[in-house]
>>> print(open('model-v9.cif').read())   # mmCIF, C-alpha atoms and all ligand atoms
data_structure
loop_
_atom_site.group_PDB
_atom_site.id
_atom_site.type_symbol
_atom_site.label_atom_id
_atom_site.label_comp_id
_atom_site.auth_asym_id
_atom_site.auth_seq_id
_atom_site.Cartn_x
_atom_site.Cartn_y
_atom_site.Cartn_z
ATOM 1 C CA MET J 1 -5.868 9.626 15.389
ATOM 2 C CA SER J 2 -3.695 6.606 16.334
ATOM 3 C CA ASP J 3 -0.433 6.970 18.293
ATOM 4 C CA ALA J 4 1.486 5.858 15.193
ATOM 5 C CA THR J 5 -0.090 8.521 12.993
ATOM 6 C CA GLN J 6 0.496 11.222 15.614
ATOM 7 C CA GLN J 7 4.131 10.203 15.956
ATOM 8 C CA ILE J 8 4.676 10.185 12.175
ATOM 9 C CA LEU J 9 3.053 13.599 11.726
ATOM 10 C CA TYR J 10 5.100 15.016 14.621
ATOM 11 C CA PHE J 11 8.317 13.741 13.028
ATOM 12 C CA TYR J 12 7.600 14.658 9.413
ATOM 13 C CA TYR J 13 6.154 18.118 10.135
ATOM 14 C CA ARG J 14 9.562 18.909 11.673
ATOM 15 C CA HIS J 15 11.688 16.986 9.163
ATOM 16 C CA PRO J 16 14.692 18.991 7.907
ATOM 17 C CA ILE J 17 14.274 17.778 4.305
ATOM 18 C CA SER J 18 11.352 20.040 3.385
ATOM 19 C CA CYS J 19 9.940 21.653 0.269
ATOM 20 C CA ASP J 20 10.716 25.089 1.763
ATOM 21 C CA LEU J 21 14.373 24.244 2.433
ATOM 22 C CA ILE J 22 14.828 22.730 -1.038
ATOM 23 C CA LEU J 23 13.407 25.863 -2.646
ATOM 24 C CA ALA J 24 15.454 28.154 -0.364
ATOM 25 C CA LYS J 25 18.671 26.335 -1.362
ATOM 26 C CA LEU J 26 17.809 26.472 -5.061
ATOM 27 C CA ARG J 27 16.922 30.170 -4.803
ATOM 28 C CA THR J 28 20.327 30.828 -3.234
ATOM 29 C CA SER J 29 22.327 28.760 -5.729
ATOM 30 C CA ARG J 30 20.451 29.852 -8.894
ATOM 31 C CA GLY J 31 19.353 33.342 -7.877
ATOM 32 C CA HIS J 32 15.692 32.555 -8.787
ATOM 33 C CA LEU J 33 13.272 29.625 -9.121
ATOM 34 C CA ASP J 34 12.225 30.149 -12.742
ATOM 35 C CA GLY J 35 12.504 27.268 -15.197
ATOM 36 C CA LEU J 36 13.298 24.579 -12.614
ATOM 37 C CA ARG J 37 13.861 21.124 -14.097
ATOM 38 C CA PRO J 38 13.530 17.693 -12.397
ATOM 39 C CA ASP J 39 17.330 17.319 -12.421
ATOM 40 C CA ASP J 40 17.626 20.471 -10.299
ATOM 41 C CA LEU J 41 15.606 18.790 -7.531
ATOM 42 C CA PHE J 42 17.234 15.337 -7.472
ATOM 43 C CA PRO J 43 20.267 16.317 -5.339
ATOM 44 C CA HIS J 44 17.808 17.509 -2.648
ATOM 45 C CA ASP J 45 14.505 15.599 -2.751
ATOM 46 C CA GLN J 46 15.475 11.932 -2.274
ATOM 47 C CA ASP J 47 14.631 10.881 1.293
ATOM 48 C CA HIS J 48 16.015 7.339 1.164
ATOM 49 C CA TYR J 49 19.423 5.675 1.292
ATOM 50 C CA GLY J 50 21.611 5.347 -1.800
ATOM 51 C CA GLY J 51 19.993 8.142 -3.841
ATOM 52 C CA LEU J 52 19.045 7.697 -7.485
ATOM 53 C CA ALA J 53 21.127 4.516 -7.895
ATOM 54 C CA ALA J 54 18.976 2.815 -5.235
ATOM 55 C CA THR J 55 15.837 3.862 -7.125
ATOM 56 C CA ASP J 56 17.317 2.517 -10.394
ATOM 57 C CA GLU J 57 17.764 -0.870 -8.659
ATOM 58 C CA LEU J 58 14.100 -0.859 -7.624
ATOM 59 C CA ALA J 59 13.053 0.208 -11.135
ATOM 60 C CA ARG J 60 15.025 -2.702 -12.595
ATOM 61 C CA GLY J 61 13.439 -5.154 -10.139
ATOM 62 C CA ALA J 62 9.946 -3.788 -10.733
ATOM 63 C CA GLN J 63 10.501 -3.775 -14.543
ATOM 64 C CA ILE J 64 9.583 -0.100 -14.821
ATOM 65 C CA ALA J 65 9.642 1.386 -18.323
ATOM 66 C CA SER J 66 7.824 4.015 -20.355
ATOM 67 C CA ARG J 67 4.117 4.196 -19.395
ATOM 68 C CA THR J 68 4.400 1.587 -16.613
ATOM 69 C CA CYS J 69 1.728 2.445 -14.000
ATOM 70 C CA VAL J 70 3.529 2.628 -10.662
ATOM 71 C CA ALA J 71 2.371 3.279 -7.091
ATOM 72 C CA ASP J 72 4.994 4.608 -4.661
ATOM 73 C CA PHE J 73 3.966 3.710 -1.102
ATOM 74 C CA CYS J 74 4.908 6.402 1.468
ATOM 75 C CA ALA J 75 6.070 8.838 -1.197
ATOM 76 C CA GLY J 76 7.235 11.697 1.044
ATOM 77 C CA LEU J 77 8.052 14.811 -1.004
ATOM 78 C CA GLY J 78 7.735 12.771 -4.197
ATOM 79 C CA GLY J 79 11.425 12.503 -5.092
ATOM 80 C CA THR J 80 11.048 8.915 -6.290
ATOM 81 C CA VAL J 81 7.721 9.634 -8.004
ATOM 82 C CA ARG J 82 9.272 12.429 -10.079
ATOM 83 C CA TYR J 83 12.448 10.467 -10.850
ATOM 84 C CA LEU J 84 10.533 7.423 -12.165
ATOM 85 C CA ALA J 85 8.272 9.691 -14.235
ATOM 86 C CA HIS J 86 11.169 11.761 -15.597
ATOM 87 C CA LYS J 87 13.813 9.111 -16.271
ATOM 88 C CA TYR J 88 11.633 6.144 -17.223
ATOM 89 C CA GLY J 89 8.489 7.880 -18.547
ATOM 90 C CA ALA J 90 6.395 5.937 -16.009
ATOM 91 C CA ASN J 91 2.983 7.083 -14.836
ATOM 92 C CA VAL J 92 3.457 7.328 -11.074
ATOM 93 C CA THR J 93 1.078 7.835 -8.136
ATOM 94 C CA GLY J 94 2.538 8.330 -4.666
ATOM 95 C CA ILE J 95 0.522 7.571 -1.532
ATOM 96 C CA GLU J 96 1.548 9.723 1.436
ATOM 97 C CA LEU J 97 0.155 10.091 4.956
ATOM 98 C CA THR J 98 1.570 13.466 6.064
ATOM 99 C CA PRO J 99 -0.432 16.373 4.570
ATOM 100 C CA SER J 100 2.551 18.770 4.545
ATOM 101 C CA ARG J 101 4.598 16.216 2.552
ATOM 102 C CA VAL J 102 1.712 15.851 0.068
ATOM 103 C CA ALA J 103 1.525 19.638 -0.327
ATOM 104 C CA GLY J 104 5.319 19.866 -0.698
ATOM 105 C CA ALA J 105 5.332 17.049 -3.266
ATOM 106 C CA GLN J 106 2.621 18.765 -5.288
ATOM 107 C CA GLU J 107 4.434 22.097 -5.261
ATOM 108 C CA LEU J 108 7.771 20.591 -6.336
ATOM 109 C CA THR J 109 6.102 18.500 -9.061
ATOM 110 C CA GLN J 110 4.247 21.527 -10.478
ATOM 111 C CA ARG J 111 7.409 23.608 -10.448
ATOM 112 C CA VAL J 112 9.207 21.093 -12.695
ATOM 113 C CA GLY J 113 6.156 20.476 -14.905
ATOM 114 C CA LEU J 114 5.757 16.730 -14.304
ATOM 115 C CA GLN J 115 2.168 16.842 -13.042
ATOM 116 C CA ASP J 116 0.792 15.009 -16.102
ATOM 117 C CA ARG J 117 2.499 11.756 -15.080
ATOM 118 C CA ALA J 118 3.645 12.237 -11.465
ATOM 119 C CA ARG J 119 1.268 12.869 -8.563
ATOM 120 C CA VAL J 120 1.240 12.351 -4.806
ATOM 121 C CA ILE J 121 -2.111 11.844 -3.102
ATOM 122 C CA GLU J 122 -2.927 11.806 0.585
ATOM 123 C CA GLY J 123 -3.630 8.344 1.970
ATOM 124 C CA ASN J 124 -2.573 5.554 4.287
ATOM 125 C CA VAL J 125 -0.842 2.556 2.715
ATOM 126 C CA MET J 126 -2.820 0.287 5.056
ATOM 127 C CA SER J 127 -5.967 1.375 3.206
ATOM 128 C CA VAL J 128 -4.986 2.644 -0.231
ATOM 129 C CA PRO J 129 -7.427 4.962 -2.047
ATOM 130 C CA LEU J 130 -6.956 3.197 -5.421
ATOM 131 C CA GLY J 131 -8.927 0.530 -7.281
ATOM 132 C CA ASP J 132 -8.138 -3.179 -7.668
ATOM 133 C CA GLY J 133 -5.688 -4.513 -10.269
ATOM 134 C CA ILE J 134 -4.789 -1.133 -11.805
ATOM 135 C CA MET J 135 -1.022 -0.925 -11.183
ATOM 136 C CA ASP J 136 1.871 -2.648 -12.990
ATOM 137 C CA ALA J 137 4.271 -2.044 -10.117
ATOM 138 C CA VAL J 138 4.408 -0.950 -6.475
ATOM 139 C CA VAL J 139 7.611 0.471 -4.989
ATOM 140 C CA SER J 140 8.537 1.805 -1.557
ATOM 141 C CA GLN J 141 11.723 3.013 0.137
ATOM 142 C CA GLU J 142 12.567 2.959 3.857
ATOM 143 C CA ALA J 143 9.007 3.556 4.962
ATOM 144 C CA PHE J 144 7.301 0.320 6.023
ATOM 145 C CA CYS J 145 9.395 0.716 9.208
ATOM 146 C CA HIS J 146 6.848 3.423 10.161
ATOM 147 C CA VAL J 147 3.757 1.360 9.367
ATOM 148 C CA PRO J 148 2.074 -0.348 12.357
ATOM 149 C CA ASP J 149 0.861 -3.293 10.231
ATOM 150 C CA PRO J 150 3.122 -3.720 7.183
ATOM 151 C CA GLY J 151 1.238 -6.934 6.335
ATOM 152 C CA LYS J 152 -1.811 -4.752 5.606
ATOM 153 C CA ALA J 153 0.277 -2.474 3.372
ATOM 154 C CA LEU J 154 1.597 -5.518 1.467
ATOM 155 C CA SER J 155 -1.963 -6.858 1.058
ATOM 156 C CA GLU J 156 -2.979 -3.465 -0.322
ATOM 157 C CA ALA J 157 -0.045 -3.603 -2.762
ATOM 158 C CA PHE J 158 -1.235 -7.070 -3.844
ATOM 159 C CA ARG J 159 -4.814 -5.816 -4.280
ATOM 160 C CA ILE J 160 -3.970 -2.825 -6.515
ATOM 161 C CA LEU J 161 -1.484 -4.775 -8.692
ATOM 162 C CA ARG J 162 -2.571 -6.495 -11.894
ATOM 163 C CA LYS J 163 -1.798 -10.198 -12.335
ATOM 164 C CA ASP J 164 2.015 -10.651 -12.605
ATOM 165 C CA GLY J 165 2.499 -7.049 -11.381
ATOM 166 C CA MET J 166 5.760 -6.374 -9.525
ATOM 167 C CA LEU J 167 6.547 -5.275 -5.972
ATOM 168 C CA ALA J 168 10.015 -3.846 -5.203
ATOM 169 C CA PHE J 169 10.857 -2.135 -1.941
ATOM 170 C CA THR J 170 13.632 -1.428 0.540
ATOM 171 C CA ASP J 171 13.224 -1.213 4.299
ATOM 172 C CA TRP J 172 14.957 -1.359 7.655
ATOM 173 C CA ILE J 173 15.483 -4.775 9.234
ATOM 174 C CA ALA J 174 16.617 -5.921 12.702
ATOM 175 C CA ASN J 175 19.428 -8.461 12.388
ATOM 176 C CA GLU J 176 19.055 -8.924 16.129
ATOM 177 C CA GLN J 177 16.433 -7.772 18.575
ATOM 178 C CA LEU J 178 16.978 -4.182 19.745
ATOM 179 C CA SER J 179 17.280 -3.411 23.457
ATOM 180 C CA ALA J 180 14.170 -1.785 24.922
ATOM 181 C CA ASP J 181 16.088 1.524 25.217
ATOM 182 C CA ASP J 182 17.160 1.498 21.575
ATOM 183 C CA ALA J 183 13.671 0.550 20.389
ATOM 184 C CA GLN J 184 12.248 3.435 22.441
ATOM 185 C CA LEU J 185 14.837 5.865 21.014
ATOM 186 C CA MET J 186 13.955 4.847 17.427
ATOM 187 C CA TRP J 187 10.236 5.297 18.195
ATOM 188 C CA GLU J 188 10.647 8.687 19.890
ATOM 189 C CA GLY J 189 13.104 10.096 17.368
ATOM 190 C CA MET J 190 11.912 8.594 14.086
ATOM 191 C CA ALA J 191 8.507 6.921 14.640
ATOM 192 C CA ILE J 192 9.999 3.472 14.003
ATOM 193 C CA GLN J 193 7.753 0.478 14.702
ATOM 194 C CA PRO J 194 9.067 -2.925 15.877
ATOM 195 C CA LEU J 195 11.281 -4.325 13.095
ATOM 196 C CA ARG J 196 11.797 -7.814 11.695
ATOM 197 C CA SER J 197 14.599 -9.999 10.325
ATOM 198 C CA ILE J 198 14.904 -10.901 6.634
ATOM 199 C CA PRO J 199 13.370 -14.400 7.133
ATOM 200 C CA ASP J 200 10.409 -12.802 8.951
ATOM 201 C CA TYR J 201 10.043 -10.251 6.168
ATOM 202 C CA ARG J 202 10.035 -13.013 3.544
ATOM 203 C CA ARG J 203 7.216 -14.760 5.417
ATOM 204 C CA LEU J 204 5.229 -11.512 5.587
ATOM 205 C CA VAL J 205 5.593 -10.861 1.836
ATOM 206 C CA GLU J 206 4.714 -14.459 0.925
ATOM 207 C CA GLY J 207 1.824 -14.404 3.405
ATOM 208 C CA SER J 208 0.356 -11.494 1.419
ATOM 209 C CA GLY J 209 0.295 -13.697 -1.694
ATOM 210 C CA PHE J 210 3.528 -12.635 -3.467
ATOM 211 C CA LYS J 211 6.181 -14.882 -5.046
ATOM 212 C CA ILE J 212 9.600 -13.573 -3.971
ATOM 213 C CA HIS J 213 12.199 -13.107 -6.733
ATOM 214 C CA SER J 214 14.973 -11.828 -4.470
ATOM 215 C CA ALA J 215 15.634 -10.606 -0.932
ATOM 216 C CA THR J 216 18.976 -8.759 -0.844
ATOM 217 C CA ASP J 217 20.651 -7.902 2.455
ATOM 218 C CA LEU J 218 21.750 -4.216 2.197
ATOM 219 C CA THR J 219 23.242 -3.986 5.701
ATOM 220 C CA ALA J 220 26.900 -3.776 4.588
ATOM 221 C CA GLU J 221 26.051 -1.366 1.752
ATOM 222 C CA TRP J 222 24.186 0.955 4.130
ATOM 223 C CA GLY J 223 27.148 1.324 6.547
ATOM 224 C CA PRO J 224 29.084 3.985 4.574
ATOM 225 C CA ILE J 225 25.906 5.463 3.054
ATOM 226 C CA LEU J 226 24.496 6.202 6.503
ATOM 227 C CA LYS J 227 27.716 7.696 7.839
ATOM 228 C CA LYS J 228 27.506 10.232 4.984
ATOM 229 C CA ARG J 229 23.803 10.742 5.621
ATOM 230 C CA LEU J 230 24.433 11.543 9.281
ATOM 231 C CA ALA J 231 26.920 14.237 8.202
ATOM 232 C CA MET J 232 24.337 15.507 5.690
ATOM 233 C CA HIS J 233 21.674 15.778 8.415
ATOM 234 C CA GLN J 234 24.086 17.699 10.645
ATOM 235 C CA ARG J 235 24.695 20.174 7.776
ATOM 236 C CA LEU J 236 20.985 20.364 6.939
ATOM 237 C CA ARG J 237 20.131 21.274 10.519
ATOM 238 C CA GLU J 238 22.291 24.388 10.263
ATOM 239 C CA GLU J 239 21.070 25.193 6.734
ATOM 240 C CA ALA J 240 17.462 24.894 7.948
ATOM 241 C CA ARG J 241 18.190 27.141 10.931
ATOM 242 C CA GLN J 242 19.583 29.802 8.589
ATOM 243 C CA ALA J 243 16.673 29.423 6.153
ATOM 244 C CA GLY J 244 14.066 29.471 8.946
ATOM 245 C CA THR J 245 12.612 26.101 7.843
ATOM 246 C CA PRO J 246 11.955 23.009 10.053
ATOM 247 C CA MET J 247 15.255 21.772 11.553
ATOM 248 C CA GLY J 248 14.247 18.365 12.938
ATOM 249 C CA HIS J 249 13.467 17.918 16.634
ATOM 250 C CA ASP J 250 16.217 17.041 19.144
ATOM 251 C CA ALA J 251 15.001 13.438 19.580
ATOM 252 C CA PHE J 252 15.376 12.925 15.824
ATOM 253 C CA HIS J 253 18.994 14.085 15.757
ATOM 254 C CA GLN J 254 19.870 12.000 18.860
ATOM 255 C CA SER J 255 18.198 8.876 17.509
ATOM 256 C CA TYR J 256 19.907 9.268 14.115
ATOM 257 C CA ILE J 257 23.357 9.095 15.746
ATOM 258 C CA ARG J 258 22.380 5.855 17.527
ATOM 259 C CA PHE J 259 20.703 4.495 14.365
ATOM 260 C CA VAL J 260 23.927 4.942 12.394
ATOM 261 C CA GLU J 261 25.899 3.216 15.201
ATOM 262 C CA LEU J 262 23.459 0.285 15.156
ATOM 263 C CA ILE J 263 23.903 -0.006 11.398
ATOM 264 C CA GLN J 264 27.724 -0.007 11.755
ATOM 265 C CA GLN J 265 27.357 -2.757 14.397
ATOM 266 C CA ARG J 266 25.007 -4.567 11.959
ATOM 267 C CA LYS J 267 22.348 -4.891 14.633
ATOM 268 C CA LEU J 268 20.111 -2.921 12.296
ATOM 269 C CA GLY J 269 20.312 -3.159 8.536
ATOM 270 C CA GLY J 270 18.379 -3.007 5.310
ATOM 271 C CA VAL J 271 16.749 -5.281 2.773
ATOM 272 C CA ARG J 272 15.590 -4.956 -0.843
ATOM 273 C CA ILE J 273 12.768 -7.332 -1.728
ATOM 274 C CA VAL J 274 11.529 -7.944 -5.269
ATOM 275 C CA ALA J 275 8.409 -10.054 -5.693
ATOM 276 C CA ALA J 276 5.609 -10.740 -8.186
ATOM 277 C CA LYS J 277 1.844 -11.064 -7.810
HETATM 278 C C1 LIG J 301 11.575 8.053 4.830
HETATM 279 S S1 LIG J 301 10.219 8.899 4.124
HETATM 280 C C2 LIG J 301 10.388 8.215 2.499
HETATM 281 C C3 LIG J 301 10.046 9.176 1.424
HETATM 282 C C4 LIG J 301 10.216 8.679 0.007
HETATM 283 N N1 LIG J 301 9.956 7.259 -0.115
HETATM 284 C C5 LIG J 301 11.588 9.001 -0.530
HETATM 285 O O1 LIG J 301 12.333 8.056 -0.765
HETATM 286 O O2 LIG J 301 11.922 10.170 -0.741
HETATM 287 C C6 LIG J 301 8.826 8.008 4.754
HETATM 288 C C7 LIG J 301 7.456 8.631 4.407
HETATM 289 O O3 LIG J 301 6.443 7.667 4.756
HETATM 290 C C8 LIG J 301 5.281 8.375 5.133
HETATM 291 N N2 LIG J 301 4.396 7.417 5.826
HETATM 292 C C9 LIG J 301 4.608 6.837 7.031
HETATM 293 N N3 LIG J 301 3.598 5.989 7.328
HETATM 294 C C10 LIG J 301 2.739 6.017 6.279
HETATM 295 C C11 LIG J 301 1.508 5.356 5.983
HETATM 296 N N4 LIG J 301 0.959 4.480 6.852
HETATM 297 N N5 LIG J 301 0.907 5.605 4.801
HETATM 298 C C12 LIG J 301 1.452 6.497 3.914
HETATM 299 N N6 LIG J 301 2.602 7.167 4.153
HETATM 300 C C13 LIG J 301 3.244 6.934 5.311
HETATM 301 C C14 LIG J 301 5.820 9.497 5.989
HETATM 302 O O4 LIG J 301 4.872 10.543 6.140
HETATM 303 C C15 LIG J 301 7.087 9.891 5.191
HETATM 304 O O5 LIG J 301 6.804 10.942 4.301
#
>>> encode(input="model-v9.cif", output="structure tokens", more="lines below")
Ligand SMILES: C[S@@+](CC[C@H](N)C(=O)[O-])C[C@H]1O[C@@H](n2cnc3c(N)ncnc32)[C@H](O)[C@@H]1O
Amino acid sequence: MSDATQQILYFYYRHPISCDLILAKLRTSRGHLDGLRPDDLFPHDQDHYGGLAATDELARGAQIASRTCVADFCAGLGGTVRYLAHKYGANVTGIELTPSRVAGAQELTQRVGLQDRARVIEGNVMSVPLGDGIMDAVVSQEAFCHVPDPGKALSEAFRILRKDGMLAFTDWIANEQLSADDAQLMWEGMAIQPLRSIPDYRRLVEGSGFKIHSATDLTAEWGPILKKRLAMHQRLREEARQAGTPMGHDAFHQSYIRFVELIQQRKLGGVRIVAAK
């Protein structure tokens, strides 16, 4: 197993947003887990910045509608997969590396009865277990930052898309090069690979064969979103402790504080890229 995979599994096996914590919270608030609906999960299962509104932006860019075949790269617990299936009627397949996230995604999807058009399968986005030209759209949210060779993931997106298929994703960017200490902190706490600027990202996407429609700098938008997310993670840590579910390792919580500072200083930021095959 590569260092990158080990680091990702270490992080996500301990991640405080877990299927078990989501179900524990719903059991407490509702008294039982019978008759769960997708809307019950959405306040808890979205592991990206900006919640459902951010996913709606990607859906608009990727032209997702009823029966659109979508692949979600690095799908986590499947929050985006279920939302696109439920709200838009899309047929969505998530690709996810961490086995416990795949199992959690499957359990949550079954519990809300979306398994006929929402699934998460185990796989690496650098070598996607899907055929050529079968998808109308590929989406991804805040995950290529973990991938050692995002160019390979983009080439895989290109391969599985049909002609004129759409790619829409968000990811971390470095507006300036991180110090060695900060880069090490991001790696140890959150399995973050070396990052790139928006111009470098554009070159990577175009180098994989795509025509870029837009590359939107999200750095300013992420400032307040991430301050709230830091507070959420501090609450989740205590909720997870009480529920007896994974709480996140210390390095994660330390690196998140620094990450949010770097976003406020605009040294780190985000981008949304929409492109066509
Ligand atoms: C920040 S989470 C995003 C989850 C999801 N996109 C969401 O918005 O809820 C990143 C996910 O990427 C997965 N991941 C990281 N590297 C991957 C790879 N090479 N292939 C597939 N999944 C990967 C991690 O296991 C983790 O579940």
>>> resolve_selection(input="model-v9.cif", expression="the PyMOL selection byres (((not hetatm)) within 8 of (chain J and resi 301))", output="compact mmCIF listing (two decimals) with C-alpha atoms, in the coordinates of the input")
# COMPACT_ATOMS: atom_id res chain seq x y z
CA THR J 5 -0.09 8.52 12.99
CA ILE J 8 4.68 10.18 12.18
CA LEU J 9 3.05 13.60 11.73
CA TYR J 12 7.60 14.66 9.41
CA ASP J 45 14.50 15.60 -2.75
CA GLN J 46 15.48 11.93 -2.27
CA ASP J 47 14.63 10.88 1.29
CA HIS J 48 16.02 7.34 1.16
CA TYR J 49 19.42 5.68 1.29
CA ASP J 72 4.99 4.61 -4.66
CA PHE J 73 3.97 3.71 -1.10
CA CYS J 74 4.91 6.40 1.47
CA ALA J 75 6.07 8.84 -1.20
CA GLY J 76 7.24 11.70 1.04
CA LEU J 77 8.05 14.81 -1.00
CA GLY J 78 7.74 12.77 -4.20
CA GLY J 79 11.42 12.50 -5.09
CA THR J 80 11.05 8.91 -6.29
CA ILE J 95 0.52 7.57 -1.53
CA GLU J 96 1.55 9.72 1.44
CA LEU J 97 0.16 10.09 4.96
CA THR J 98 1.57 13.47 6.06
CA ARG J 101 4.60 16.22 2.55
CA GLU J 122 -2.93 11.81 0.58
CA GLY J 123 -3.63 8.34 1.97
CA ASN J 124 -2.57 5.55 4.29
CA VAL J 125 -0.84 2.56 2.72
CA MET J 126 -2.82 0.29 5.06
CA SER J 140 8.54 1.80 -1.56
CA GLN J 141 11.72 3.01 0.14
CA GLU J 142 12.57 2.96 3.86
CA ALA J 143 9.01 3.56 4.96
CA PHE J 144 7.30 0.32 6.02
CA HIS J 146 6.85 3.42 10.16
CA VAL J 147 3.76 1.36 9.37
CA PRO J 148 2.07 -0.35 12.36
CA ALA J 153 0.28 -2.47 3.37
>>> resolve_selection(input="model-v9.cif", expression="the PyMOL selection byres (((chain J and resi 207) around 12) and not hetatm)", output="list of chain:residue names")
J:Pro150, J:Gly151, J:Lys152, J:Leu154, J:Ser155, J:Phe158, J:Asp200, J:Tyr201, J:Arg202, J:Arg203, J:Leu204, J:Val205, J:Glu206, J:Ser208, J:Gly209, J:Phe210, J:Lys211, J:Ile212, J:Lys277
>>> residues_around(input="model-v9.cif", residues="range 168-177 of chain J", least_positions_apart="4", cutoff="6 Å", atoms="only C-alpha atoms", output="number ranges by chain")
J: 58, 62, 139-142, 195-197, 267-274
>>> resolve_selection(input="model-v9.cif", expression="the PyMOL selection byres (((chain J and resi 91) around 12) and not hetatm)", output="JSON, numbers by chain")
{"J": [64, 65, 66, 67, 68, 69, 70, 71, 72, 80, 81, 82, 83, 84, 85, 86, 87, 88, 89, 90, 92, 93, 94, 114, 115, 116, 117, 118, 119, 120, 134, 135, 136, 137, 138]}
>>> atom_distance(input="model-v9.cif", atom1="CA of Leu26 in chain J", atom2="CA of Leu236 in chain J")
13.8 Å
>>> atom_distance(input="model-v9.cif", atom1="CA of Leu262 in chain J", atom2="CA of Thr219 in chain J")
10.4 Å
>>> atom_distance(input="model-v9.cif", atom1="CA of Gly50 in chain J", atom2="CA of Trp222 in chain J")
7.8 Å
>>> closest_residue(input="model-v9.cif", among="J:Leu52, J:Val102, J:Met1, J:Ile160", to="Cys19 in chain J", atoms="all atoms listed in the file")
J:Val102
>>> closest_residue(input="model-v9.cif", among="J:Ala243, J:Ala215, J:Ile263, J:Val128", to="Arg27 in chain J", atoms="all atoms listed in the file")
J:Ala243
>>> residues_near_point(input="model-v9.cif", point="(6.9, 26.0, -11.1)", cutoff="7 Å", atoms="all atoms listed in the file", output="list of chain:residue names")
J:Asp34, J:Leu36, J:Gln110, J:Arg111, J:Val112, J:Gly113
>>> closest_residue(input="model-v9.cif", among="J:Tyr10, J:Gly51, J:Asp40, J:His32", to="Thr109 in chain J", atoms="all atoms listed in the file")
J:Asp40
>>> closest_residue(input="model-v9.cif", among="J:Ala103, J:Leu41, J:Val260, J:Ala59", to="Asp182 in chain J", atoms="only C-alpha atoms")
J:Val260
>>> closest_residue(input="model-v9.cif", among="J:Met190, J:Ile121, J:Met232, J:Ala180", to="His249 in chain J", atoms="only C-alpha atoms")
J:Met190
>>> residues_around(input="model-v9.cif", residues="Gly61 in chain J", least_positions_apart="4", cutoff="9 Å", atoms="only C-alpha atoms", output="list of chain:residue names")
J:Asp56, J:Glu57, J:Met166, J:Leu167, J:Ala168, J:His213, J:Ser214, J:Ile273, J:Val274, J:Ala275
>>> closest_residue(input="model-v9.cif", among="J:Asp20, J:Glu238, J:Glu156, J:Glu221", to="Gly133 in chain J", atoms="all atoms listed in the file")
J:Glu156
>>> residues_near_point(input="model-v9.cif", point="(20.2, 1.4, 22.5)", cutoff="10 Å", atoms="all atoms listed in the file", output="VMD selection string")
chain J and resid 178 to 186 255 258 to 259 261 to 262
>>> write_last_selection(input="model-v9.cif", atoms="C-alpha atoms", output="mmCIF file, in the coordinates of the input")
data_model
loop_
_atom_site.group_PDB
_atom_site.id
_atom_site.type_symbol
_atom_site.label_atom_id
_atom_site.label_comp_id
_atom_site.auth_asym_id
_atom_site.auth_seq_id
_atom_site.Cartn_x
_atom_site.Cartn_y
_atom_site.Cartn_z
ATOM 1 C CA LEU J 178 16.978 -4.182 19.745
ATOM 2 C CA SER J 179 17.280 -3.411 23.457
ATOM 3 C CA ALA J 180 14.170 -1.785 24.922
ATOM 4 C CA ASP J 181 16.088 1.524 25.217
ATOM 5 C CA ASP J 182 17.160 1.498 21.575
ATOM 6 C CA ALA J 183 13.671 0.550 20.389
ATOM 7 C CA GLN J 184 12.248 3.435 22.441
ATOM 8 C CA LEU J 185 14.837 5.865 21.014
ATOM 9 C CA MET J 186 13.955 4.847 17.427
ATOM 10 C CA SER J 255 18.198 8.876 17.509
ATOM 11 C CA ARG J 258 22.380 5.855 17.527
ATOM 12 C CA PHE J 259 20.703 4.495 14.365
ATOM 13 C CA GLU J 261 25.899 3.216 15.201
ATOM 14 C CA LEU J 262 23.459 0.285 15.156
#
>>> decode(input="model-v9.cif", residues="range 150-158 of chain J", atoms="N, CA and C atoms", output="PDB file, in the first residue's frame")
ATOM      1  N   PRO J 150      -3.302  13.969  -9.467  1.00  0.00           N
ATOM      2  CA  PRO J 150      -4.644  14.372  -9.907  1.00  0.00           C
ATOM      3  C   PRO J 150      -4.775  14.380 -11.429  1.00  0.00           C
ATOM      4  N   GLY J 151      -3.652  14.506 -12.137  1.00  0.00           N
ATOM      5  CA  GLY J 151      -3.698  14.417 -13.609  1.00  0.00           C
ATOM      6  C   GLY J 151      -4.235  13.057 -14.044  1.00  0.00           C
ATOM      7  N   LYS J 152      -3.860  12.004 -13.318  1.00  0.00           N
ATOM      8  CA  LYS J 152      -4.366  10.656 -13.649  1.00  0.00           C
ATOM      9  C   LYS J 152      -5.865  10.585 -13.403  1.00  0.00           C
ATOM     10  N   ALA J 153      -6.316  11.195 -12.286  1.00  0.00           N
ATOM     11  CA  ALA J 153      -7.754  11.178 -11.979  1.00  0.00           C
ATOM     12  C   ALA J 153      -8.526  11.938 -13.066  1.00  0.00           C
ATOM     13  N   LEU J 154      -7.970  13.055 -13.537  1.00  0.00           N
ATOM     14  CA  LEU J 154      -8.652  13.832 -14.584  1.00  0.00           C
ATOM     15  C   LEU J 154      -8.676  13.038 -15.889  1.00  0.00           C
ATOM     16  N   SER J 155      -7.599  12.315 -16.188  1.00  0.00           N
ATOM     17  CA  SER J 155      -7.579  11.484 -17.407  1.00  0.00           C
ATOM     18  C   SER J 155      -8.608  10.364 -17.297  1.00  0.00           C
ATOM     19  N   GLU J 156      -8.791   9.831 -16.090  1.00  0.00           N
ATOM     20  CA  GLU J 156      -9.813   8.804 -15.898  1.00  0.00           C
ATOM     21  C   GLU J 156     -11.213   9.405 -16.069  1.00  0.00           C
ATOM     22  N   ALA J 157     -11.403  10.633 -15.586  1.00  0.00           N
ATOM     23  CA  ALA J 157     -12.700  11.302 -15.791  1.00  0.00           C
ATOM     24  C   ALA J 157     -12.950  11.453 -17.297  1.00  0.00           C
ATOM     25  N   PHE J 158     -11.925  11.874 -18.020  1.00  0.00           N
ATOM     26  CA  PHE J 158     -12.049  12.063 -19.479  1.00  0.00           C
ATOM     27  C   PHE J 158     -12.415  10.729 -20.135  1.00  0.00           C
TER      28      PHE J 158
END
